[in-house]
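These notes are about the structure you will find just below.
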Amino acid sequence: MTESKTALVTGANKGIGREIARRLAADGYRVWLGCRDHERGEAAAAELRALGLDVRQLDLDVTSDALCATAAQALARQTDRLDVLVNNAGVALELRARPSEEPVDQIKAIYEVNVFGPIRVTQAFLPLLKASAAARVVMMSSGLGSLGTATDPDSPFYGTNYLGYNSSKSALNGVTVAFAKALGPLGIKVNAACPGYVATDLNGHSGYRTVEQGAEIAVRLATLDAAGPTAGYFNEDGPLPW
Ligand SMILES: NC(=O)c1ccc[n+]([C@@H]2O[C@H](COP(=O)([O-])OP(=O)(O)OC[C@H]3O[C@@H](n4cnc5c(N)ncnc54)[C@H](OP(=O)(O)O)[C@@H]3O)[C@@H](O)[C@H]2O)c1
């Protein structure tokens with residue numbers, strides 16, 4: 001159906017996801033922006049198309065089984081395969097420094113997007129990923145999900161102890177390994193990416209890195225060649241401790 005390589009980036013109407021989409025489209029991919037808000041998604045897609053890029057909007061709320069299934073059906077009408085899936089959509093909600101004070105309802109809401117979202121989306125789009133000759137799946141994790149870093153008193157992030165957000169990314173790392181092991185025999189590589197501390201709406205723009213810097217490792221993992229790793233966890237400088 002399409003000669004171009006194809007990619008889907010979730011949570012791509014802004015922030016790091018939008019930049020990953022822009023980079024992949026600039027590399028020649030036909031890119032769908034998976035967005036939960038149709039208008040915001042259309043606006044972002046129109047901006048990228050104005051740059052001459054092959055970008056389309058796809059309605060996709062990662063918290064809904066039904067909407068993920070509908071989105072996968074909609075995409076299957078537009079392409080016969082998916083070469084790249086970037087599970088980028090994520091939320092932090094209200095970051096709280098004290099685990100004893102974080103409501104379980106908030107933690108559940110974070111997990112719905114950050115953990116169950118990537119599981120749901122990967123499962124829903126698996127038929128299209130399997131139809132690619134060499135699909136790549138990137139899970140947008142965080143260095144804050146590293147248990148190695150969290151327990152290292154010398155780490156600059158040792159004191160950044162957000163129960164819901166950090167543990168959601170630790171769980172996502174486990175999800176990454178599980179899918180990598182299951183999909184490896186199909187030629188599908190699955191890796192987790194840490195973008196660093198990037199100035200976006202997620203953190204009230206307190207990050208010190210740009211979205212261009214934050215997108216770099218996800219783009220690299222999305223475009224790995226056959227010799228590239230799978231079941232790994234990386235920032236742009238190399239592997240991270242789980
Ligand atoms: N910024 C950092 O320093 C940093 C560090 C480590 C990891 N990360 C990770 O990087 C990813 C991107 O974050 P960002 O910093 O670019 O944040 P952002 O600017 O807030 O973007 C988050 C994106 O996720 C979307 N999203 C949220 N809930 C969704 C849902 N239910 N269904 C579909 N899309 C949904 C948002 O859509 P709406 O516009 O509709 O809300 C938005 O497009 C996240 O997974 C985050 O955890 C960020």
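By convention in this document, the chains of the structure tokens carry letters A, B, ... by their order, each chain's residues are numbered from 1, and ligands are numbered from 1 in the order they are shown.
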In stretch 65-164 of chain A, DSSP strand (DSSP E) residues written as a tab-separated table (two decimals) with N, CA and C atoms, in the first residue's frame:
```tsv
chain	number	residue	atom	x	y	z
A	84	VAL	N	7.78	0.95	12.53
A	84	VAL	CA	8.24	1.54	13.80
A	84	VAL	C	7.03	1.90	14.67
A	85	LEU	N	7.10	1.50	15.94
A	85	LEU	CA	6.14	1.96	16.94
A	85	LEU	C	6.92	2.60	18.08
A	86	VAL	N	6.65	3.86	18.35
A	86	VAL	CA	7.26	4.52	19.51
A	86	VAL	C	6.16	4.76	20.54
A	87	ASN	N	6.23	4.01	21.63
A	87	ASN	CA	5.29	4.20	22.74
A	87	ASN	C	5.80	5.34	23.60
A	136	ARG	N	10.59	-2.21	14.64
A	136	ARG	CA	11.27	-1.72	15.83
A	136	ARG	C	10.22	-1.09	16.75
A	137	VAL	N	10.30	-1.45	18.04
A	137	VAL	CA	9.40	-0.86	19.04
A	137	VAL	C	10.27	-0.15	20.07
A	138	VAL	N	9.93	1.10	20.35
A	138	VAL	CA	10.65	1.87	21.36
A	138	VAL	C	9.68	2.22	22.49
A	139	MET	N	10.08	1.91	23.69
A	139	MET	CA	9.31	2.28	24.88
A	139	MET	C	9.97	3.51	25.49
A	140	MET	N	9.21	4.60	25.62
A	140	MET	CA	9.80	5.81	26.19
A	140	MET	C	9.78	5.70	27.71
```
Nearby residues, ligand 1, 7 Å, only C-alpha atoms and all ligand atoms, as a ChimeraX atom specification: /A:10-17,34-37,40,60-63,88-92,113-114,140-143,194-203,207
Just write the chosen residues, N, CA and C atoms, as a compact mmCIF listing (two decimals), in the first residue's frame.
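Listing of result.txt after writing:
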```
# COMPACT_ATOMS: atom_id res chain seq x y z
N THR A 10 3.08 7.54 19.61
CA THR A 10 1.97 7.92 20.48
C THR A 10 2.33 9.18 21.27
N GLY A 11 1.30 9.94 21.63
CA GLY A 11 1.54 11.19 22.35
C GLY A 11 2.42 12.12 21.56
N ALA A 12 2.06 12.31 20.28
CA ALA A 12 2.98 12.99 19.36
C ALA A 12 2.51 14.39 18.98
N ASN A 13 1.50 14.91 19.66
CA ASN A 13 1.04 16.26 19.30
C ASN A 13 1.93 17.35 19.90
N LYS A 14 2.82 16.96 20.83
CA LYS A 14 3.70 17.98 21.42
C LYS A 14 4.90 17.29 22.04
N GLY A 15 5.81 18.11 22.58
CA GLY A 15 6.91 17.58 23.37
C GLY A 15 7.86 16.68 22.58
N ILE A 16 8.41 15.71 23.30
CA ILE A 16 9.42 14.82 22.70
C ILE A 16 8.80 13.99 21.58
N GLY A 17 7.55 13.57 21.75
CA GLY A 17 6.90 12.73 20.74
C GLY A 17 6.76 13.43 19.41
N GLY A 34 -0.13 9.51 16.90
CA GLY A 34 -1.22 8.95 17.72
C GLY A 34 -1.56 9.93 18.82
N CYS A 35 -2.76 10.51 18.75
CA CYS A 35 -3.10 11.59 19.68
C CYS A 35 -4.47 11.36 20.29
N ARG A 36 -4.59 11.64 21.58
CA ARG A 36 -5.90 11.42 22.23
C ARG A 36 -6.88 12.53 21.94
N ASP A 37 -6.38 13.71 21.60
CA ASP A 37 -7.26 14.83 21.27
C ASP A 37 -7.15 15.11 19.78
N ARG A 40 -5.93 18.70 18.65
CA ARG A 40 -4.50 18.94 18.90
C ARG A 40 -3.64 18.10 17.95
N LEU A 60 -5.98 8.24 19.01
CA LEU A 60 -5.46 7.13 19.81
C LEU A 60 -5.31 7.56 21.26
N ASP A 61 -6.23 7.09 22.09
CA ASP A 61 -6.07 7.27 23.54
C ASP A 61 -5.57 5.96 24.10
N VAL A 62 -4.36 5.98 24.65
CA VAL A 62 -3.71 4.73 25.05
C VAL A 62 -4.33 4.09 26.29
N THR A 63 -5.27 4.80 26.93
CA THR A 63 -5.91 4.23 28.12
C THR A 63 -7.14 3.40 27.79
N ASN A 88 5.43 6.55 23.19
CA ASN A 88 5.97 7.75 23.83
C ASN A 88 5.00 8.40 24.82
N ALA A 89 3.69 8.22 24.61
CA ALA A 89 2.70 8.91 25.45
C ALA A 89 2.99 8.62 26.93
N GLY A 90 2.96 9.66 27.73
CA GLY A 90 3.23 9.46 29.16
C GLY A 90 2.71 10.62 29.96
N VAL A 91 2.45 10.35 31.23
CA VAL A 91 2.03 11.40 32.15
C VAL A 91 2.80 11.26 33.46
N ALA A 92 2.94 12.39 34.14
CA ALA A 92 3.54 12.38 35.48
C ALA A 92 2.50 12.77 36.52
N VAL A 113 -1.59 5.10 31.68
CA VAL A 113 -0.94 5.67 30.49
C VAL A 113 0.45 5.07 30.30
N ASN A 114 1.26 5.06 31.36
CA ASN A 114 2.70 4.78 31.21
C ASN A 114 3.03 3.29 31.12
N MET A 140 9.21 4.60 25.62
CA MET A 140 9.80 5.81 26.19
C MET A 140 9.78 5.70 27.71
N SER A 141 10.91 5.28 28.23
CA SER A 141 11.06 5.11 29.67
C SER A 141 11.63 6.41 30.25
N SER A 142 12.39 6.28 31.31
CA SER A 142 13.02 7.43 31.97
C SER A 142 14.16 6.89 32.82
N GLY A 143 15.18 7.69 32.99
CA GLY A 143 16.23 7.31 33.92
C GLY A 143 15.68 7.13 35.33
N CYS A 194 15.71 6.46 27.41
CA CYS A 194 15.66 7.57 28.38
C CYS A 194 16.07 8.84 27.65
N PRO A 195 15.17 9.83 27.58
CA PRO A 195 15.49 11.06 26.83
C PRO A 195 16.30 12.07 27.61
N GLY A 196 16.53 11.81 28.92
CA GLY A 196 17.15 12.83 29.77
C GLY A 196 16.08 13.78 30.30
N TYR A 197 16.51 14.80 30.98
CA TYR A 197 15.59 15.74 31.63
C TYR A 197 15.31 16.88 30.65
N VAL A 198 14.15 16.78 29.99
CA VAL A 198 13.82 17.64 28.84
C VAL A 198 12.74 18.66 29.22
N ALA A 199 12.90 19.88 28.79
CA ALA A 199 11.91 20.92 29.07
C ALA A 199 10.64 20.68 28.25
N THR A 200 9.59 20.19 28.91
CA THR A 200 8.30 19.96 28.25
C THR A 200 7.19 20.29 29.26
N ASP A 201 5.94 20.19 28.78
CA ASP A 201 4.79 20.42 29.67
C ASP A 201 4.79 19.42 30.83
N LEU A 202 5.33 18.21 30.61
CA LEU A 202 5.31 17.16 31.63
C LEU A 202 5.92 17.63 32.94
N ASN A 203 6.96 18.46 32.85
CA ASN A 203 7.65 18.90 34.06
C ASN A 203 7.62 20.43 34.20
N GLY A 207 13.00 21.03 32.74
CA GLY A 207 14.14 20.25 32.23
C GLY A 207 15.18 21.15 31.59
```
Computed interatomic separation between atom CA of A:Lys5 and atom CA of A:Phe125 (Å): 15.5 Å
Find the residues near A:Ala74: any atom within 10 Å, counting only C-alpha atoms, skip ones fewer than 5 places away on the same chain, and give them as a compact mmCIF listing (two decimals) with C-alpha atoms, in the first residue's frame.
```txt
# COMPACT_ATOMS: atom_id res chain seq x y z
CA LEU A 58 -4.49 9.00 14.18
CA ASP A 59 -7.01 9.21 17.03
CA CYS A 68 -6.66 1.27 20.59
CA ALA A 69 -8.48 -1.45 18.64
CA THR A 79 -1.02 0.76 5.46
```
A:Leu126, A:Ala226, A:Leu95, A:Ile20 ranked by distance to A:Glu212, top pick (using only C-alpha atoms):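 So, comparing all the options, the nearest one is A:Ile20.
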Non-local contacts of A:Trp32 (9 Å; only C-alpha atoms; under 5 positions in same chain excluded) as a list of chain:residue names: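 Answer for this query is A:Thr6, A:Ala7, A:Leu8, A:Val9, A:Thr10, A:Ala12, A:Ala21, A:Ala45, A:Asp54, A:Val55, A:Arg56, A:Gln57, A:Leu58, A:Leu75.
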Counting only C-alpha atoms, the option among A:Ser100, A:Thr176, A:Ser170, A:Thr223 closest to A:Gly148: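 Using only C-alpha atoms, the shortest distance to A:Gly148 belongs to A:Ser170.
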Those in stretch 15-222 of chain A with helix (DSSP H, G or I) from DSSP, as a PyMOL selection string: chain A and resi 15-26+38-49+65-76+99-101+104-114+116-130+143-145+147-150+163-186+201-203+211-222
Would you export the selected residues with C-alpha atoms as a tab-separated table (two decimals), in the first residue's frame, please?
```tsv
chain	number	residue	atom	x	y	z
A	15	GLY	CA	6.91	17.58	23.37
A	16	ILE	CA	9.42	14.82	22.70
A	17	GLY	CA	6.90	12.73	20.74
A	18	ARG	CA	6.28	15.48	18.21
A	19	GLU	CA	10.04	15.84	17.69
A	20	ILE	CA	10.50	12.06	17.28
A	21	ALA	CA	7.74	12.15	14.65
A	22	ARG	CA	9.36	15.10	12.88
A	23	ARG	CA	12.75	13.37	12.81
A	24	LEU	CA	11.36	10.08	11.49
A	25	ALA	CA	9.35	11.91	8.82
A	26	ALA	CA	12.46	13.88	7.84
A	38	HIS	CA	-8.27	15.00	17.62
A	39	GLU	CA	-7.93	18.77	17.26
A	40	ARG	CA	-4.50	18.94	18.90
A	41	GLY	CA	-3.35	16.03	16.76
A	42	GLU	CA	-4.64	17.56	13.53
A	43	ALA	CA	-2.97	20.88	14.38
A	44	ALA	CA	0.39	19.19	15.01
A	45	ALA	CA	0.09	17.09	11.84
A	46	ALA	CA	-0.75	20.18	9.78
A	47	GLU	CA	2.30	22.01	11.16
A	48	LEU	CA	4.58	19.12	10.21
A	49	ARG	CA	2.97	18.73	6.78
A	65	ASP	CA	-8.78	-0.93	24.83
A	66	ALA	CA	-11.62	-0.05	22.46
A	67	LEU	CA	-9.98	3.09	21.08
A	68	CYS	CA	-6.66	1.27	20.59
A	69	ALA	CA	-8.48	-1.45	18.64
A	70	THR	CA	-10.33	1.15	16.56
A	71	ALA	CA	-7.06	2.99	15.88
A	72	ALA	CA	-5.35	-0.22	14.77
A	73	GLN	CA	-8.24	-0.96	12.40
A	74	ALA	CA	-8.07	2.60	11.05
A	75	LEU	CA	-4.34	2.31	10.45
A	76	ALA	CA	-4.74	-1.09	8.77
A	99	PRO	CA	5.47	8.21	48.64
A	100	SER	CA	3.32	7.99	51.78
A	101	GLU	CA	1.19	10.88	50.50
A	104	VAL	CA	-3.35	5.18	44.93
A	105	ASP	CA	-5.91	6.58	42.47
A	106	GLN	CA	-3.24	8.88	41.05
A	107	ILE	CA	-0.75	6.03	40.81
A	108	LYS	CA	-3.35	3.95	38.95
A	109	ALA	CA	-3.96	6.84	36.53
A	110	ILE	CA	-0.22	7.11	35.82
A	111	TYR	CA	0.05	3.36	35.25
A	112	GLU	CA	-2.91	3.44	32.84
A	113	VAL	CA	-0.94	5.67	30.49
A	114	ASN	CA	2.70	4.78	31.21
A	116	PHE	CA	-0.85	-0.40	30.44
A	117	GLY	CA	-0.84	2.09	27.53
A	118	PRO	CA	2.30	0.69	25.87
A	119	ILE	CA	1.10	-2.88	26.51
A	120	ARG	CA	-2.29	-2.11	24.96
A	121	VAL	CA	-0.87	-0.28	21.97
A	122	THR	CA	1.83	-2.89	21.26
A	123	GLN	CA	-0.74	-5.68	21.40
A	124	ALA	CA	-3.25	-3.80	19.23
A	125	PHE	CA	-0.73	-2.95	16.51
A	126	LEU	CA	1.12	-6.27	16.61
A	127	PRO	CA	-0.46	-7.64	13.41
A	128	LEU	CA	0.84	-4.60	11.51
A	129	LEU	CA	4.26	-4.83	13.18
A	130	LYS	CA	4.50	-8.52	12.27
A	143	GLY	CA	16.23	7.31	33.92
A	144	LEU	CA	13.93	7.66	36.94
A	145	GLY	CA	12.75	4.10	36.22
A	147	LEU	CA	16.36	0.79	40.11
A	148	GLY	CA	20.15	0.81	39.83
A	149	THR	CA	20.16	4.62	39.79
A	150	ALA	CA	17.42	4.90	42.43
A	163	LEU	CA	6.48	6.66	43.74
A	164	GLY	CA	3.90	6.60	40.94
A	165	TYR	CA	5.96	8.01	38.07
A	166	ASN	CA	9.30	6.34	38.81
A	167	SER	CA	7.82	2.92	39.47
A	168	SER	CA	5.67	3.18	36.33
A	169	LYS	CA	8.85	3.53	34.30
A	170	SER	CA	10.50	0.62	36.20
A	171	ALA	CA	7.44	-1.45	35.28
A	172	LEU	CA	7.69	-0.27	31.67
A	173	ASN	CA	11.28	-1.50	31.62
A	174	GLY	CA	9.99	-4.95	32.60
A	175	VAL	CA	7.35	-4.71	29.88
A	176	THR	CA	10.12	-3.88	27.39
A	177	VAL	CA	12.07	-7.03	28.23
A	178	ALA	CA	8.96	-9.23	28.08
A	179	PHE	CA	7.98	-8.00	24.61
A	180	ALA	CA	11.59	-8.12	23.39
A	181	LYS	CA	11.88	-11.78	24.34
A	182	ALA	CA	8.53	-12.66	22.80
A	183	LEU	CA	9.00	-10.70	19.57
A	184	GLY	CA	12.71	-11.32	18.98
A	185	PRO	CA	12.07	-14.53	17.01
A	186	LEU	CA	9.87	-12.46	14.65
A	201	ASP	CA	4.79	20.42	29.67
A	202	LEU	CA	5.31	17.16	31.63
A	203	ASN	CA	7.65	18.90	34.06
A	211	VAL	CA	13.21	18.17	22.69
A	212	GLU	CA	15.74	17.75	19.88
A	213	GLN	CA	18.20	16.24	22.38
A	214	GLY	CA	15.45	14.20	24.04
A	215	ALA	CA	14.29	12.66	20.77
A	216	GLU	CA	17.75	11.48	19.73
A	217	ILE	CA	17.92	8.10	21.52
A	218	ALA	CA	14.36	7.14	20.56
A	219	VAL	CA	15.08	7.88	16.89
A	220	ARG	CA	18.26	5.81	17.03
A	221	LEU	CA	16.43	2.86	18.60
A	222	ALA	CA	13.56	3.22	16.12
```
Point-to-point distance in Å for atom CA of A:Val190 and atom CA of A:Gly159: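 Atom CA of A:Val190 lies 29.4 Å from atom CA of A:Gly159.
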Computed interatomic separation between atom CA of A:Asn191 and atom CA of A:Tyr162 (Å):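 It comes out at 23.1 Å.
For the set A:Gly204, A:Pro241, A:Gly187, A:Gly28, the residue with the smallest atom-to-atom gap to A:Asp225 is A:Gly187, counting only C-alpha atoms.
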